[in-house]
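*Asks:* Provided herewith: work23.cif, mmCIF, C-alpha atoms.
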```cif
data_target
#
loop_
_atom_site.label_atom_id
_atom_site.label_comp_id
_atom_site.auth_asym_id
_atom_site.auth_seq_id
_atom_site.Cartn_x
_atom_site.Cartn_y
_atom_site.Cartn_z
CA MET V 278 65.31 6.17 7.84
CA ALA V 279 65.28 4.88 11.41
CA ILE V 280 64.50 1.25 12.17
CA GLU V 281 64.55 -0.89 15.29
CA ILE V 282 65.47 -4.56 15.43
CA ALA V 283 65.17 -7.06 18.28
CA GLU V 284 66.36 -10.65 17.89
CA ARG V 285 67.15 -13.58 20.20
CA PHE V 286 68.51 -17.09 19.94
CA SER V 287 70.01 -19.68 22.24
CA VAL V 288 73.29 -21.58 22.09
CA HIS V 289 74.10 -24.90 23.70
CA ALA V 290 77.25 -23.53 25.36
CA PRO V 291 78.25 -22.14 28.78
CA ILE V 292 77.52 -18.45 29.33
CA ASP V 293 81.22 -17.62 29.92
CA ALA V 294 82.22 -19.15 26.57
CA VAL V 295 79.48 -17.20 24.77
CA TRP V 296 80.56 -14.00 26.58
CA ARG V 297 84.20 -14.43 25.50
CA PHE V 298 83.00 -15.03 21.93
CA LEU V 299 80.83 -11.90 21.98
CA LEU V 300 83.74 -9.69 23.08
CA ASP V 301 86.15 -11.08 20.45
CA PRO V 302 85.69 -9.06 17.23
CA ARG V 303 87.55 -11.66 15.15
CA GLN V 304 85.12 -14.39 16.22
CA VAL V 305 82.01 -12.24 15.77
CA VAL V 306 83.03 -10.97 12.31
CA SER V 307 83.74 -14.53 11.15
CA CYS V 308 80.04 -15.28 11.70
CA MET V 309 78.66 -12.12 10.04
CA PRO V 310 77.80 -12.44 6.33
CA GLY V 311 79.78 -9.99 4.20
CA ALA V 312 81.75 -8.48 7.09
CA SER V 313 85.51 -8.18 7.55
CA LEU V 314 87.64 -6.86 10.39
CA GLU V 315 90.34 -4.47 9.18
CA GLU V 316 91.90 -3.18 12.39
CA VAL V 317 91.66 -3.62 16.15
CA VAL V 318 92.40 -0.08 17.37
CA ASP V 319 92.17 -1.05 21.05
CA ASP V 320 90.18 -3.51 23.17
CA ARG V 321 86.99 -1.48 22.59
CA THR V 322 87.37 0.04 19.10
CA PHE V 323 87.36 -1.85 15.80
CA LEU V 324 87.47 -0.84 12.14
CA GLY V 325 85.89 -2.96 9.44
CA SER V 326 83.72 -3.16 6.38
CA VAL V 327 80.59 -4.86 5.09
CA GLN V 328 80.03 -5.64 1.44
CA VAL V 329 76.45 -5.79 0.12
CA LYS V 330 75.43 -7.11 -3.31
CA LEU V 331 72.00 -6.25 -4.71
CA GLY V 332 71.62 -7.73 -8.20
CA ALA V 333 74.44 -6.31 -10.34
CA ILE V 334 75.24 -3.57 -7.81
CA THR V 335 77.81 -4.15 -5.09
CA THR V 336 78.33 -1.54 -2.41
CA SER V 337 80.55 -1.41 0.65
CA TYR V 338 80.28 0.26 4.01
CA LYS V 339 83.45 1.09 5.91
CA GLY V 340 83.25 2.10 9.50
CA ARG V 341 83.94 1.76 13.18
CA VAL V 342 82.39 -0.19 16.04
CA GLN V 343 83.02 0.97 19.58
CA LEU V 344 82.06 -0.88 22.75
CA THR V 345 80.61 1.94 24.83
CA GLU V 346 79.69 -0.15 27.88
CA VAL V 347 80.77 -3.62 28.97
CA ASP V 348 79.02 -5.14 32.00
CA GLU V 349 81.04 -8.25 32.93
CA GLN V 350 78.75 -9.21 35.83
CA GLY V 351 75.51 -8.76 33.88
CA HIS V 352 76.92 -10.18 30.63
CA ALA V 353 75.72 -7.14 28.68
CA VAL V 354 77.49 -5.02 26.09
CA HIS V 355 76.46 -1.79 24.35
CA MET V 356 78.00 -0.68 21.06
CA LEU V 357 77.99 2.29 18.75
CA ALA V 358 78.56 1.54 15.05
CA GLU V 359 79.05 4.09 12.27
CA GLY V 360 79.70 3.39 8.61
CA ARG V 361 79.87 5.23 5.33
CA GLU V 362 78.90 3.78 1.98
CA THR V 363 81.27 4.34 -0.91
CA GLY V 364 78.36 6.04 -2.73
CA GLY V 365 77.77 8.53 0.11
CA GLY V 366 75.10 6.86 2.26
CA THR V 367 75.58 6.35 5.98
CA ALA V 368 74.60 3.87 8.64
CA LYS V 369 74.63 4.66 12.37
CA ALA V 370 73.52 2.19 15.00
CA THR V 371 73.36 1.64 18.71
CA LEU V 372 73.37 -2.03 19.58
CA SER V 373 73.04 -3.91 22.83
CA SER V 374 73.48 -7.60 23.51
CA ARG V 375 72.64 -9.35 26.73
CA LEU V 376 73.28 -12.95 27.72
CA SER V 377 71.20 -14.99 30.12
CA LEU V 378 71.56 -18.53 31.40
CA LEU V 379 68.56 -20.72 30.58
CA PRO V 380 67.30 -23.44 32.97
CA ASP V 381 68.62 -26.22 30.69
CA GLY V 382 72.16 -24.74 30.79
CA ASP V 383 71.99 -23.13 27.35
CA THR V 384 72.78 -19.45 26.89
CA GLU V 385 70.30 -17.02 25.35
CA ILE V 386 71.56 -14.03 23.36
CA LEU V 387 69.19 -11.06 23.11
CA THR V 388 70.22 -8.33 20.68
CA GLU V 389 68.49 -4.99 20.14
CA ALA V 390 69.50 -2.31 17.66
CA LYS V 391 68.39 1.15 16.60
CA ILE V 392 69.69 1.95 13.13
CA ASP V 393 69.57 5.16 11.12
CA LEU V 394 70.23 4.77 7.38
CA THR V 395 70.69 7.25 4.55
CA GLY V 396 71.52 6.73 0.87
CA ARG V 397 70.33 4.36 -1.82
CA ILE V 398 69.44 1.52 0.53
CA VAL V 399 66.45 3.40 1.97
CA GLN V 400 64.71 3.10 -1.41
CA VAL V 401 63.82 -0.53 -0.67
CA GLY V 402 61.68 0.55 2.29
CA ARG V 403 61.53 -0.06 6.03
CA GLY V 404 59.66 -3.39 5.87
CA MET V 405 62.12 -4.86 3.40
CA ILE V 406 65.15 -3.66 5.37
CA GLN V 407 63.75 -5.19 8.57
CA GLY V 408 62.96 -8.46 6.78
CA VAL V 409 66.43 -8.67 5.24
CA SER V 410 67.98 -7.77 8.61
CA HIS V 411 66.08 -10.67 10.19
CA GLN V 412 67.38 -13.07 7.51
CA LEU V 413 70.95 -11.85 8.03
CA PHE V 414 70.60 -12.26 11.79
CA GLN V 415 69.39 -15.84 11.27
CA LYS V 416 72.55 -16.55 9.26
CA PHE V 417 74.67 -14.97 12.01
CA ALA V 418 72.86 -17.04 14.67
CA ALA V 419 73.33 -20.29 12.74
CA SER V 420 77.04 -19.59 12.22
CA THR V 421 77.49 -18.62 15.88
CA LYS V 422 75.75 -21.79 17.07
CA GLU V 423 77.87 -23.91 14.75
CA ARG V 424 81.07 -22.34 16.06
CA LEU V 425 80.17 -22.43 19.77
CA GLU V 426 78.51 -25.85 19.78
CA GLN V 427 81.40 -27.74 18.18
CA THR V 428 82.57 -30.82 19.94
CA PRO V 429 85.90 -30.53 21.78
CA GLY V 430 88.87 -31.09 19.48
CA SER V 431 87.05 -30.12 16.28
CA VAL V 432 88.54 -27.34 14.20
CA PRO V 433 86.34 -24.35 13.29
CA VAL V 434 85.97 -23.78 9.56
CA ALA V 435 86.36 -20.13 8.59
CA SER V 436 86.25 -18.72 5.10
CA SER V 437 89.38 -16.87 3.98
CA GLU V 438 87.50 -14.18 2.05
CA PRO V 439 84.37 -12.45 3.29
CA GLU V 440 81.63 -13.04 0.76
CA ALA V 441 79.37 -10.13 -0.16
CA ILE V 442 75.89 -10.28 1.32
CA ARG V 443 73.68 -11.32 -1.56
CA LEU V 444 70.45 -9.42 -0.95
CA VAL V 445 68.39 -10.70 -3.87
CA PRO V 446 67.82 -14.20 -2.38
CA LEU V 447 67.19 -12.60 1.01
CA VAL V 448 64.72 -10.15 -0.51
CA PHE V 449 62.85 -13.01 -2.22
CA ARG V 450 62.69 -14.96 1.05
CA THR V 451 61.49 -11.85 2.86
CA LEU V 452 58.81 -11.19 0.24
CA TRP V 453 57.72 -14.83 0.32
CA SER V 454 57.45 -14.74 4.14
CA ALA V 455 55.36 -11.55 3.92
CA ILE V 456 53.05 -13.10 1.28
CA VAL V 457 52.61 -16.32 3.27
CA GLY V 458 51.89 -14.30 6.43
CA PHE V 459 49.38 -12.09 4.61
CA VAL V 460 47.55 -15.07 3.06
CA GLY V 461 47.55 -16.82 6.45
CA ARG V 462 45.97 -13.76 8.08
CA LEU V 463 43.36 -13.54 5.31
CA LEU V 464 42.46 -17.22 5.66
CA GLY V 465 42.32 -16.86 9.42
CA ARG V 466 39.90 -13.92 9.13
CA SER V 467 37.67 -15.68 6.61
CA ARG V 468 37.41 -18.74 8.89
CA THR V 469 36.41 -16.60 11.87
CA LYS V 470 33.74 -14.77 9.82
CA GLY V 471 32.27 -17.96 8.36
#
```
Is it possible to give me this structure as structure tokens?

*Replies:*
Amino acid sequence: MAIEIAERFSVHAPIDAVWRFLLDPRQVVSCMPGASLEEVVDDRTFLGSVQVKLGAITTSYKGRVQLTEVDEQGHAVHMLAEGRETGGGTAKATLSSRLSLLPDGDTEILTEAKIDLTGRIVQVGRGMIQGVSHQLFQKFAASTKERLEQTPGSVPVASSEPEAIRLVPLVFRTLWSAIVGFVGRLLGRSRTKG
């Protein structure tokens, strides 16, 4: 199953600080729910894993992320990620992130991804996967903002163990958002007809 994701958020931090953060796999992984960095092969290749918990089932993906293009001047990076699930499924993705300086001095991060999934996870469907991906990105964005917007002298708080991504609460939030959106569209249509 192929899906596309596009997300953006802004951080109250200088663009150079956000750029250094984005290129540091240890920093990025510390903000990603369920992810852990296992090895830095070189300055552009990293090995890691992501643990996903869906109800009573916990599954892990192990894989590699490679920075395929780094544009220092344009503050853009392109990555190729490949992972294999312990149960046989796979995940392959091309990701790109681009930074831009906003008029108020904040930095905007725009991320786009094309992901191809196989295995048990595709049973939940494209809409659900995109909704859960959005929720996970929101958690990543909040953690990134917290880390980059700390006042000088404060010490970042990092968890010692990566916690598995708990999909059930995310799935419920995604379903609830879809229901609220659907009801809102219905009510909007009925008002325009009446």

*Asks:* Quick one: which residues end up in the PyMOL selection byres ((chain V and resi 376-382) around 10) for this structure, as a list in words?

*Replies:* Arg285, Ser287, Val288, His289, Ala290, Pro291, Ile292, Asp293, Val295, Trp296, Leu299, Gly351, His352, Ala353, Val354, Ser374, Arg375, Asp383, Thr384, Glu385, Ile386, Leu387 and Thr388 of chain V

*Asks:* Closest to Thr345 (chain V) among V:Thr367, V:Glu316, V:Ser326, V:Ser373, using only C-alpha atoms?

*Replies:*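 Result for the nearest residue to Thr345 (chain V): V:Ser373.
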
*Asks:* What does the structure give for the distance between CA of Leu372 (chain V) and CA of His355 (chain V), in Å to one decimal?

*Replies:* 5.7 Å

*Asks:* For a quick check of understanding, using only C-alpha atoms, which of V:Ile406, V:Ala418, V:Ala283, V:Met278 has the smallest distance to Ala390 (chain V)?

*Replies:*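 Under the stated criterion, the closest residue is V:Ala283.
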
*Asks:* Choose the residue, out of V:Ile398, V:Phe286, V:Phe417, V:Phe323, that has the smallest atom-to-atom separation from Pro310 (chain V); count all atoms listed in the file.

*Replies:*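 Smallest distance to Pro310 (chain V) is found for V:Phe417.
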
*Asks:* Tell me which protein, DNA and RNA residues are within 7 Å of region 301-308 of chain V, counting only C-alpha atoms, leaving out same-chain ones fewer than 4 positions away, and put them as a list in words.

*Replies:*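 Here the qualifying residues turn out to be Arg297, Ala312, Ser313, Leu314, Phe417, Ser420, Thr421 and Ala435 of chain V.
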
*Asks:* Which residues fall under the PyMOL selection byres ((chain V and resi 357) around 6) in this file, as a list of chain:residue names?

*Replies:* V:Val342, V:Gln343, V:Met356, V:Ala358, V:Ala370, V:Thr371

*Asks:* Grab the residues selected above and save them as a compact mmCIF listing (two decimals), in the frame of the given file with C-alpha atoms.

*Replies:*
```txt
# COMPACT_ATOMS: atom_id res chain seq x y z
CA VAL V 342 82.39 -0.19 16.04
CA GLN V 343 83.02 0.97 19.58
CA MET V 356 78.00 -0.68 21.06
CA ALA V 358 78.56 1.54 15.05
CA ALA V 370 73.52 2.19 15.00
CA THR V 371 73.36 1.64 18.71
```

*Asks:* Would you write out, as a list in words, every residue that the PyMOL selection byres ((chain V and resi 327) around 8) captures in this file?

*Replies:*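 After applying the PyMOL selection byres ((chain V and resi 327) around 8), what remains is Gly311, Ala312, Ser313, Gly325, Ser326, Gln328, Val329, Ser337, Tyr338, Lys339 and Ala441 of chain V.
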
*Asks:* One decimal, Å: what's the distance from CA of Lys391 (chain V) over to CA of Ile280 (chain V), could you say?

*Replies:*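 Taking CA of Lys391 (chain V) and CA of Ile280 (chain V), their separation equals 5.9 Å.
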
*Asks:* Would you please work out which residue, of V:Leu425, V:Met309, V:Leu300, V:Ala368, is nearest to Leu344 (chain V) when using all atoms listed in the file?

*Replies:*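 Closest to Leu344 (chain V), using all atoms listed in the file: V:Leu300.
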
*Asks:* What does the distance between CA of Gln427 (chain V) and CA of Ser410 (chain V) come to in Å, to one decimal place?

*Replies:* 25.9 Å

*Asks:* Provide an axis-aligned box for all listed atoms of region 370-381 of chain V, padding each side by 3 Å; report its centre and its edge lengths in Å to one decimal, as JSON.

*Replies:*
```
{"center_x": 70.4, "center_y": -12.0, "center_z": 24.0, "size_x": 12.2, "size_y": 34.4, "size_z": 24.0}
```

*Asks:* Between V:Arg403, V:Lys422, V:His411, V:Arg397, which one has atoms that come closest to Arg361 (chain V), using all atoms listed in the file?

*Replies:*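 The answer is V:Arg397, which sits nearest to Arg361 (chain V).
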